[in-house]
Every structure is written in structure tokens, then in C-alpha cells.
Amino acid sequence: MTRYGFLGAGNMAQAMIKGLLNAGISAQDILVASPHSAAKLAKELGIQALDATELLQTADLVTLAFLPKQLTAISQSLPANLYQNKLLVSVIGDVNLNSLENAFPGAQIVRTLPNVNVSINRGMTSYALATNLTTASQTAALAFLDLLGSRIELAESNFAVFSALAGSSPAYVFAFIQSLAQAGQQNGLSTQDALTIAAQTVLGSAQTLLASDSDPTSLIASVASPGGSTEAGLKALSADKFNEVVIHGIQATIDHQHE
Ligand SMILES: NC(=O)c1ccc[n+]([C@@H]2O[C@H](COP(=O)([O-])OP(=O)(O)OC[C@H]3O[C@@H](n4cnc5c(N)ncnc54)[C@H](OP(=O)(O)O)[C@@H]3O)[C@@H](O)[C@H]2O)c1
């Protein structure tokens, strides 16, 4: 039985813990440590709150789910023998494998970037493996990520663009759904009906794309018959530079990470 520990009890830890519980992992096998929030979260979800030292002694796999600026203080507060050969899965944005290895020498480290959809096991997570990772650690880490949704191995140099496309873009997809729903409301639908229709359509369209061998252009053609109402909508979106607007938003996200 794998015991999953979380150092940090914030938004991402909570999303991942909810995903583990949804995936059928027993609450007893989920451990959390953090200075303020862990005890409350443990009470809410029936998981165990421990101090960081106990957590490292007990957990088989420890997710590092605190902020980048906390890395040095936290790693220096922990006795090195506790993380020797321990599987550490970092979700810390902007902290590369090299820095993680320097902070936790001798640990088995996987760098990941999950998105918020891990809470319903529909996450999209990028990962990069440390060079010293054993096969057993790799298998355990990937099995862990599989509980939370889809995963993709990426060079660390691509984590920034992944962060924009998968980490930030749920916010843009929510905004798109909101705009779709608003158009529905303006034409007589109730708020709830419009949101349900818009969200379900975005979900189903994404699933159709993933299930098909077609590219988006072919799928667009399959919906928009020549001279029809969908084509009229596409022309209006194009005139308003829909594509450019979306790419500009993603580029602004990526550029902001380098500032
Ligand atoms: N949110 C996202 O969508 C997302 C996506 C990808 C990656 N990430 C990464 O995930 C990490 C956490 O982000 P977040 O959004 O969850 O941040 P958050 O909500 O601010 O949570 C940060 C957590 O760190 C904990 N912490 C502080 N000092 C600690 C210590 N000494 N030992 C253990 N835990 C400690 C805090 O505990 P207390 O609450 O008890 O003070 C808090 O629970 C970040 O590095 C971020 O880059 C987040």
C-alpha cells in the first residue's frame, strides 16, 4: 500500500488530494504537513496531518507542494537522512531539477507541473525525471500521476510554455465558456442552462478531438457547412481576430513568466 505525503496544504495540494480520494485511495494513506492549514484540511477530508519529519518517515512518495520561495527554508529544516532515496514529486513552479537536487541531495526527484483539473482526475501534468531516478521510483511516480489524469514528459525548457497552455489556460477556457453562456443568456436562456450547455459543449468537443484522427481544421469543416450559420459565426470570429487574440493571451502568459 503506497502512502502519499504532501508537504504543503494549499490549492494544488488540495486539488491533488481530492483527485487521489476520487481515484479510490484510502484517506488513511494520505498524509499532509504544513504550518497552518494541514490540520483543518485533514479534518475536512479525513486524511492525516503530521509534522514534516513524521511525514517524511511515513510516506512512500512525498509531493512538494509549497511555494518556490519556501524551498531553501523547508529543505534546510529537514534532516538529510529522512529524504535519502525518498521519492519526491515536486509541483513547485519555476524550480528546476538541478535546484531540487541541490535542495534535497540523495533524494529520488521528479519535477512535475499539474493543472487544477487533477481534482477530478482530468489533470494534464508535465513531468521531467532526474537522471539518478531508479526504475522503481519512475514506475511509482508515473503510477501516481496516472491517478490524477493525463501526463506528458517534457524537456524542462518547455515547462514555461506548458504552464501557459495547461496551467493557466483553464482560466481562459472558463472565460470562453462564460462568453458562450453570456451569448446564450442575451438570447433568452437562463444563466444555468446557458452555462450547462456551453460547458458540456466545450467538454464534448475536446473529447471528440482527442478521440478522432482529425485535426481541428477538419473538425471545424465537419460542423460548418458552406454558407451556413456556423460559417457566418466563424467569419465574424475571424474578423475580430479570434485566433490572434488567443495566441496573444498565451504569449503574454509566457512572457510574464520571464519578467
Ligand atoms: N495552484 C496551481 O494551479 C498550481 C499549478 C501548478 C503548480 N503549482 C505550484 O504548486 C505550489 C503550491 O501552489 P499553491 O497554489 O498550492 O500555493 P498555496 O495555496 O499558497 O499553498 C502553499 C502551501 O505551502 C505551505 N507551506 C508554507 N510553509 C511550509 C512549510 N514550512 N512546510 C510545509 N508547507 C508549507 C502553506 O502552508 P499553510 O497553508 O499551512 O501556511 C500552503 O499550504 C507552488 O510552488 C506552485 O508553483 C500550483
# chains A, B, ... in the order shown; residues from 1 in each chain; ligands from 1

$ closest_atom_pairs --of "chain A" --to "ligand 1" --cutoff "8 Å" --atoms "only C-alpha atoms and all ligand atoms" --output "Markdown table"
| residue | atom | partner | partner_atom_place_in_ligand_line | distance |
| --- | --- | --- | --- | --- |
| A:Leu7 | CA | ligand 1 | 33 (C) | 4.5 |
| A:Gly8 | CA | ligand 1 | 34 (N) | 3.5 |
| A:Ala9 | CA | ligand 1 | 43 (O) | 3.5 |
| A:Gly10 | CA | ligand 1 | 19 (O) | 3.3 |
| A:Asn11 | CA | ligand 1 | 16 (O) | 3.7 |
| A:Met12 | CA | ligand 1 | 16 (O) | 3.8 |
| A:Ala13 | CA | ligand 1 | 16 (O) | 5.6 |
| A:Gln14 | CA | ligand 1 | 16 (O) | 7.3 |
| A:Ala33 | CA | ligand 1 | 33 (C) | 5.5 |
| A:Ser34 | CA | ligand 1 | 34 (N) | 3.7 |
| A:Pro35 | CA | ligand 1 | 40 (O) | 3.9 |
| A:His36 | CA | ligand 1 | 40 (O) | 3.2 |
| A:Ser37 | CA | ligand 1 | 40 (O) | 3.8 |
| A:Ala38 | CA | ligand 1 | 40 (O) | 5.7 |
| A:Ala52 | CA | ligand 1 | 32 (N) | 6.7 |
| A:Leu64 | CA | ligand 1 | 11 (C) | 7.5 |
| A:Ala65 | CA | ligand 1 | 11 (C) | 4.5 |
| A:Phe66 | CA | ligand 1 | 24 (O) | 3.5 |
| A:Leu67 | CA | ligand 1 | 45 (O) | 3.7 |
| A:Pro68 | CA | ligand 1 | 45 (O) | 5.0 |
| A:Gln70 | CA | ligand 1 | 28 (N) | 6.1 |
| A:Ala73 | CA | ligand 1 | 31 (N) | 7.1 |
| A:Ile74 | CA | ligand 1 | 31 (N) | 5.1 |
| A:Val91 | CA | ligand 1 | 10 (O) | 5.0 |
| A:Ile92 | CA | ligand 1 | 45 (O) | 3.3 |
| A:Gly93 | CA | ligand 1 | 47 (O) | 3.5 |
| A:Asp94 | CA | ligand 1 | 47 (O) | 6.8 |
| A:Thr112 | CA | ligand 1 | 7 (C) | 8.0 |
| A:Leu113 | CA | ligand 1 | 6 (C) | 5.0 |
| A:Pro114 | CA | ligand 1 | 6 (C) | 5.0 |
| A:Asn115 | CA | ligand 1 | 5 (C) | 5.0 |
| A:Val116 | CA | ligand 1 | 3 (O) | 5.1 |
| A:Ser163 | CA | ligand 1 | 6 (C) | 7.4 |
| A:Gly167 | CA | ligand 1 | 5 (C) | 5.6 |
| A:Ser168 | CA | ligand 1 | 3 (O) | 7.5 |

$ residues_around --residues "Ile177 in chain A" --least-positions-apart "3" --cutoff "7 Å" --atoms "only C-alpha atoms" --output "PyMOL selection string"
chain A and resi 173-174+180-181+198-199

$ write_last_selection --atoms "all heavy atoms" --output "PDB file, in the first residue's frame"
ATOM      1  N   VAL A 173     -10.196  28.973 -20.659  1.00  0.00           N
ATOM      2  CA  VAL A 173     -11.325  28.131 -21.086  1.00  0.00           C
ATOM      3  C   VAL A 173     -12.577  28.497 -20.279  1.00  0.00           C
ATOM      4  O   VAL A 173     -13.677  28.581 -20.845  1.00  0.00           O
ATOM      5  CB  VAL A 173     -10.967  26.629 -20.951  1.00  0.00           C
ATOM      6  CG1 VAL A 173     -12.178  25.761 -21.263  1.00  0.00           C
ATOM      7  CG2 VAL A 173      -9.812  26.268 -21.887  1.00  0.00           C
ATOM      8  N   PHE A 174     -12.399  28.765 -18.985  1.00  0.00           N
ATOM      9  CA  PHE A 174     -13.556  29.210 -18.193  1.00  0.00           C
ATOM     10  C   PHE A 174     -14.096  30.525 -18.771  1.00  0.00           C
ATOM     11  O   PHE A 174     -15.316  30.729 -18.852  1.00  0.00           O
ATOM     12  CB  PHE A 174     -13.186  29.419 -16.715  1.00  0.00           C
ATOM     13  CG  PHE A 174     -12.763  28.152 -16.001  1.00  0.00           C
ATOM     14  CD1 PHE A 174     -11.716  28.165 -15.082  1.00  0.00           C
ATOM     15  CD2 PHE A 174     -13.416  26.945 -16.216  1.00  0.00           C
ATOM     16  CE1 PHE A 174     -11.320  27.006 -14.423  1.00  0.00           C
ATOM     17  CE2 PHE A 174     -13.029  25.778 -15.562  1.00  0.00           C
ATOM     18  CZ  PHE A 174     -11.972  25.816 -14.666  1.00  0.00           C
ATOM     19  N   LEU A 180     -19.527  32.182 -24.107  1.00  0.00           N
ATOM     20  CA  LEU A 180     -20.553  31.393 -24.807  1.00  0.00           C
ATOM     21  C   LEU A 180     -21.893  31.501 -24.075  1.00  0.00           C
ATOM     22  O   LEU A 180     -22.947  31.740 -24.682  1.00  0.00           O
ATOM     23  CB  LEU A 180     -20.154  29.912 -24.879  1.00  0.00           C
ATOM     24  CG  LEU A 180     -19.033  29.472 -25.819  1.00  0.00           C
ATOM     25  CD1 LEU A 180     -18.759  27.984 -25.616  1.00  0.00           C
ATOM     26  CD2 LEU A 180     -19.400  29.752 -27.267  1.00  0.00           C
ATOM     27  N   ALA A 181     -21.818  31.324 -22.747  1.00  0.00           N
ATOM     28  CA  ALA A 181     -23.043  31.327 -21.948  1.00  0.00           C
ATOM     29  C   ALA A 181     -23.707  32.701 -21.980  1.00  0.00           C
ATOM     30  O   ALA A 181     -24.943  32.804 -22.040  1.00  0.00           O
ATOM     31  CB  ALA A 181     -22.728  30.909 -20.512  1.00  0.00           C
ATOM     32  N   ALA A 198     -22.979  25.431 -22.556  1.00  0.00           N
ATOM     33  CA  ALA A 198     -21.654  25.866 -23.015  1.00  0.00           C
ATOM     34  C   ALA A 198     -20.558  24.923 -22.500  1.00  0.00           C
ATOM     35  O   ALA A 198     -19.696  24.471 -23.267  1.00  0.00           O
ATOM     36  CB  ALA A 198     -21.390  27.292 -22.554  1.00  0.00           C
ATOM     37  N   ALA A 199     -20.600  24.612 -21.204  1.00  0.00           N
ATOM     38  CA  ALA A 199     -19.544  23.774 -20.619  1.00  0.00           C
ATOM     39  C   ALA A 199     -19.577  22.366 -21.203  1.00  0.00           C
ATOM     40  O   ALA A 199     -18.537  21.786 -21.545  1.00  0.00           O
ATOM     41  CB  ALA A 199     -19.703  23.716 -19.101  1.00  0.00           C
TER      42      ALA A 199
END

$ closest_residue --among "A:Ile254, A:Ala27, A:Val223, A:Leu82" --to "Ser205 in chain A" --atoms "only C-alpha atoms"
A:Val223

$ closest_residue --among "A:Asn22, A:Ser126, A:Asn102, A:Gln84" --to "Ala160 in chain A" --atoms "only C-alpha atoms"
A:Ser126

$ select_by_dssp --residues "range 88-231 of chain A" --states "helix (DSSP H, G or I)" --output "JSON, numbers by chain"
{"A": [97, 98, 99, 100, 101, 102, 103, 116, 117, 118, 119, 120, 135, 136, 137, 138, 139, 140, 141, 142, 143, 144, 145, 146, 156, 157, 158, 159, 160, 161, 162, 163, 164, 165, 166, 167, 168, 169, 170, 171, 172, 173, 174, 175, 176, 177, 178, 179, 180, 181, 182, 183, 184, 185, 186, 191, 192, 193, 194, 195, 196, 197, 198, 199, 200, 201, 202, 203, 204, 205, 206, 207, 208, 209, 210, 211, 216, 217, 218, 219, 220, 221, 222, 223, 229, 230, 231]}

$ residues_around --residues "range 189-196 of chain A" --least-positions-apart "5" --cutoff "12 Å" --atoms "only C-alpha atoms" --output "PyMOL selection string"
chain A and resi 174-184+201-204

$ residues_around --residues "Ala103 in chain A" --least-positions-apart "2" --cutoff "9 Å" --atoms "only C-alpha atoms" --output "PDB file with N, CA, C and O atoms, in the first residue's frame"
ATOM      1  N   LEU A  71      11.485  26.918  -0.593  1.00  0.00           N
ATOM      2  CA  LEU A  71      12.287  25.707  -0.816  1.00  0.00           C
ATOM      3  C   LEU A  71      13.490  25.615   0.125  1.00  0.00           C
ATOM      4  O   LEU A  71      13.688  24.587   0.775  1.00  0.00           O
ATOM      5  N   THR A  72      14.283  26.675   0.194  1.00  0.00           N
ATOM      6  CA  THR A  72      15.516  26.593   0.965  1.00  0.00           C
ATOM      7  C   THR A  72      15.205  26.384   2.445  1.00  0.00           C
ATOM      8  O   THR A  72      15.773  25.482   3.084  1.00  0.00           O
ATOM      9  N   SER A  75      13.803  22.769   2.999  1.00  0.00           N
ATOM     10  CA  SER A  75      14.769  21.676   2.820  1.00  0.00           C
ATOM     11  C   SER A  75      15.824  21.714   3.931  1.00  0.00           C
ATOM     12  O   SER A  75      16.233  20.672   4.432  1.00  0.00           O
ATOM     13  N   GLN A  76      16.217  22.927   4.350  1.00  0.00           N
ATOM     14  CA  GLN A  76      17.249  23.011   5.394  1.00  0.00           C
ATOM     15  C   GLN A  76      16.713  22.638   6.771  1.00  0.00           C
ATOM     16  O   GLN A  76      17.482  22.307   7.662  1.00  0.00           O
ATOM     17  N   ASN A  98      17.710  20.684 -11.172  1.00  0.00           N
ATOM     18  CA  ASN A  98      19.012  20.965 -10.590  1.00  0.00           C
ATOM     19  C   ASN A  98      18.868  21.605  -9.204  1.00  0.00           C
ATOM     20  O   ASN A  98      19.529  21.199  -8.237  1.00  0.00           O
ATOM     21  N   SER A  99      17.976  22.584  -9.105  1.00  0.00           N
ATOM     22  CA  SER A  99      17.766  23.248  -7.804  1.00  0.00           C
ATOM     23  C   SER A  99      17.155  22.276  -6.790  1.00  0.00           C
ATOM     24  O   SER A  99      17.495  22.302  -5.604  1.00  0.00           O
ATOM     25  N   LEU A 100      16.249  21.423  -7.267  1.00  0.00           N
ATOM     26  CA  LEU A 100      15.634  20.446  -6.356  1.00  0.00           C
ATOM     27  C   LEU A 100      16.679  19.457  -5.847  1.00  0.00           C
ATOM     28  O   LEU A 100      16.698  19.107  -4.658  1.00  0.00           O
ATOM     29  N   GLU A 101      17.580  19.032  -6.754  1.00  0.00           N
ATOM     30  CA  GLU A 101      18.631  18.087  -6.347  1.00  0.00           C
ATOM     31  C   GLU A 101      19.593  18.736  -5.364  1.00  0.00           C
ATOM     32  O   GLU A 101      20.076  18.084  -4.437  1.00  0.00           O
ATOM     33  N   PRO A 105      19.690  16.671  -1.630  1.00  0.00           N
ATOM     34  CA  PRO A 105      20.676  15.748  -2.208  1.00  0.00           C
ATOM     35  C   PRO A 105      20.410  14.304  -1.778  1.00  0.00           C
ATOM     36  O   PRO A 105      20.094  14.046  -0.622  1.00  0.00           O
TER      37      PRO A 105
END

$ closest_residue --among "A:Ser169, A:Ser90, A:Gln251, A:Ser157" --to "Phe104 in chain A" --atoms "only C-alpha atoms"
A:Ser90

$ atom_distance --atom1 "CA of His248 in chain A" --atom2 "CA of Ala164 in chain A"
11.5 Å

$ select_by_dssp --residues "range 23-227 of chain A" --states "strand (DSSP E)" --output "MDAnalysis selection string"
chainID A and resid 30:33 48:49 61:64 87:90 108:113 123:129 149:153

$ residues_around --residues "Ala206 in chain A" --least-positions-apart "6" --cutoff "12 Å" --atoms "only C-alpha atoms" --output "list in words"
Val173, Ala199, Gln200, Ser212, Asp215, Pro216 and Leu219 of chain A

$ atom_distance --atom1 "CA of Thr134 in chain A" --atom2 "CA of Ser77 in chain A"
25.9 Å

$ atom_distance --atom1 "CA of Gln207 in chain A" --atom2 "CA of Ala166 in chain A"
15.9 Å

$ closest_residue --among "A:Ile220, A:Ala49, A:Leu56, A:Lys69" --to "Asn81 in chain A" --atoms "only C-alpha atoms"
A:Leu56

$ residues_around --residues "Gly24 in chain A" --least-positions-apart "4" --cutoff "12 Å" --atoms "only C-alpha atoms" --output "PDB file with N, CA, C and O atoms, in the first residue's frame"
ATOM      1  N   ILE A  17      -5.008  15.971  -3.635  1.00  0.00           N
ATOM      2  CA  ILE A  17      -5.552  15.072  -2.604  1.00  0.00           C
ATOM      3  C   ILE A  17      -6.987  14.674  -2.969  1.00  0.00           C
ATOM      4  O   ILE A  17      -7.368  13.499  -2.863  1.00  0.00           O
ATOM      5  N   LYS A  18      -7.758  15.645  -3.443  1.00  0.00           N
ATOM      6  CA  LYS A  18      -9.136  15.314  -3.870  1.00  0.00           C
ATOM      7  C   LYS A  18      -9.097  14.297  -5.014  1.00  0.00           C
ATOM      8  O   LYS A  18      -9.900  13.367  -5.071  1.00  0.00           O
ATOM      9  N   GLY A  19      -8.167  14.483  -5.931  1.00  0.00           N
ATOM     10  CA  GLY A  19      -8.016  13.536  -7.042  1.00  0.00           C
ATOM     11  C   GLY A  19      -7.680  12.133  -6.538  1.00  0.00           C
ATOM     12  O   GLY A  19      -8.232  11.141  -7.019  1.00  0.00           O
ATOM     13  N   LEU A  20      -6.775  12.056  -5.564  1.00  0.00           N
ATOM     14  CA  LEU A  20      -6.413  10.736  -5.010  1.00  0.00           C
ATOM     15  C   LEU A  20      -7.626  10.081  -4.357  1.00  0.00           C
ATOM     16  O   LEU A  20      -7.881   8.882  -4.545  1.00  0.00           O
ATOM     17  N   GLN A  28      -6.750   7.239   4.839  1.00  0.00           N
ATOM     18  CA  GLN A  28      -5.726   6.875   5.815  1.00  0.00           C
ATOM     19  C   GLN A  28      -4.319   6.858   5.209  1.00  0.00           C
ATOM     20  O   GLN A  28      -3.331   6.952   5.920  1.00  0.00           O
ATOM     21  N   ASP A  29      -4.256   6.705   3.895  1.00  0.00           N
ATOM     22  CA  ASP A  29      -2.952   6.626   3.227  1.00  0.00           C
ATOM     23  C   ASP A  29      -2.507   7.974   2.653  1.00  0.00           C
ATOM     24  O   ASP A  29      -1.578   8.042   1.858  1.00  0.00           O
ATOM     25  N   ILE A  30      -3.229   9.030   3.026  1.00  0.00           N
ATOM     26  CA  ILE A  30      -2.869  10.373   2.563  1.00  0.00           C
ATOM     27  C   ILE A  30      -2.474  11.218   3.770  1.00  0.00           C
ATOM     28  O   ILE A  30      -3.255  11.354   4.728  1.00  0.00           O
ATOM     29  N   ILE A 120     -10.379  16.349 -10.328  1.00  0.00           N
ATOM     30  CA  ILE A 120     -11.401  15.425 -10.832  1.00  0.00           C
ATOM     31  C   ILE A 120     -10.769  14.372 -11.752  1.00  0.00           C
ATOM     32  O   ILE A 120     -11.423  13.805 -12.614  1.00  0.00           O
ATOM     33  N   ASN A 121      -9.463  14.139 -11.529  1.00  0.00           N
ATOM     34  CA  ASN A 121      -8.737  13.091 -12.268  1.00  0.00           C
ATOM     35  C   ASN A 121      -8.712  13.358 -13.772  1.00  0.00           C
ATOM     36  O   ASN A 121      -8.647  12.429 -14.576  1.00  0.00           O
ATOM     37  N   LEU A 147      -3.039   8.438 -11.602  1.00  0.00           N
ATOM     38  CA  LEU A 147      -4.255   8.531 -10.776  1.00  0.00           C
ATOM     39  C   LEU A 147      -4.941   9.884 -10.970  1.00  0.00           C
ATOM     40  O   LEU A 147      -6.135  10.027 -10.710  1.00  0.00           O
ATOM     41  N   LEU A 148      -4.182  10.866 -11.449  1.00  0.00           N
ATOM     42  CA  LEU A 148      -4.678  12.251 -11.464  1.00  0.00           C
ATOM     43  C   LEU A 148      -5.065  12.746 -12.849  1.00  0.00           C
ATOM     44  O   LEU A 148      -5.512  13.868 -13.010  1.00  0.00           O
TER      45      LEU A 148
END
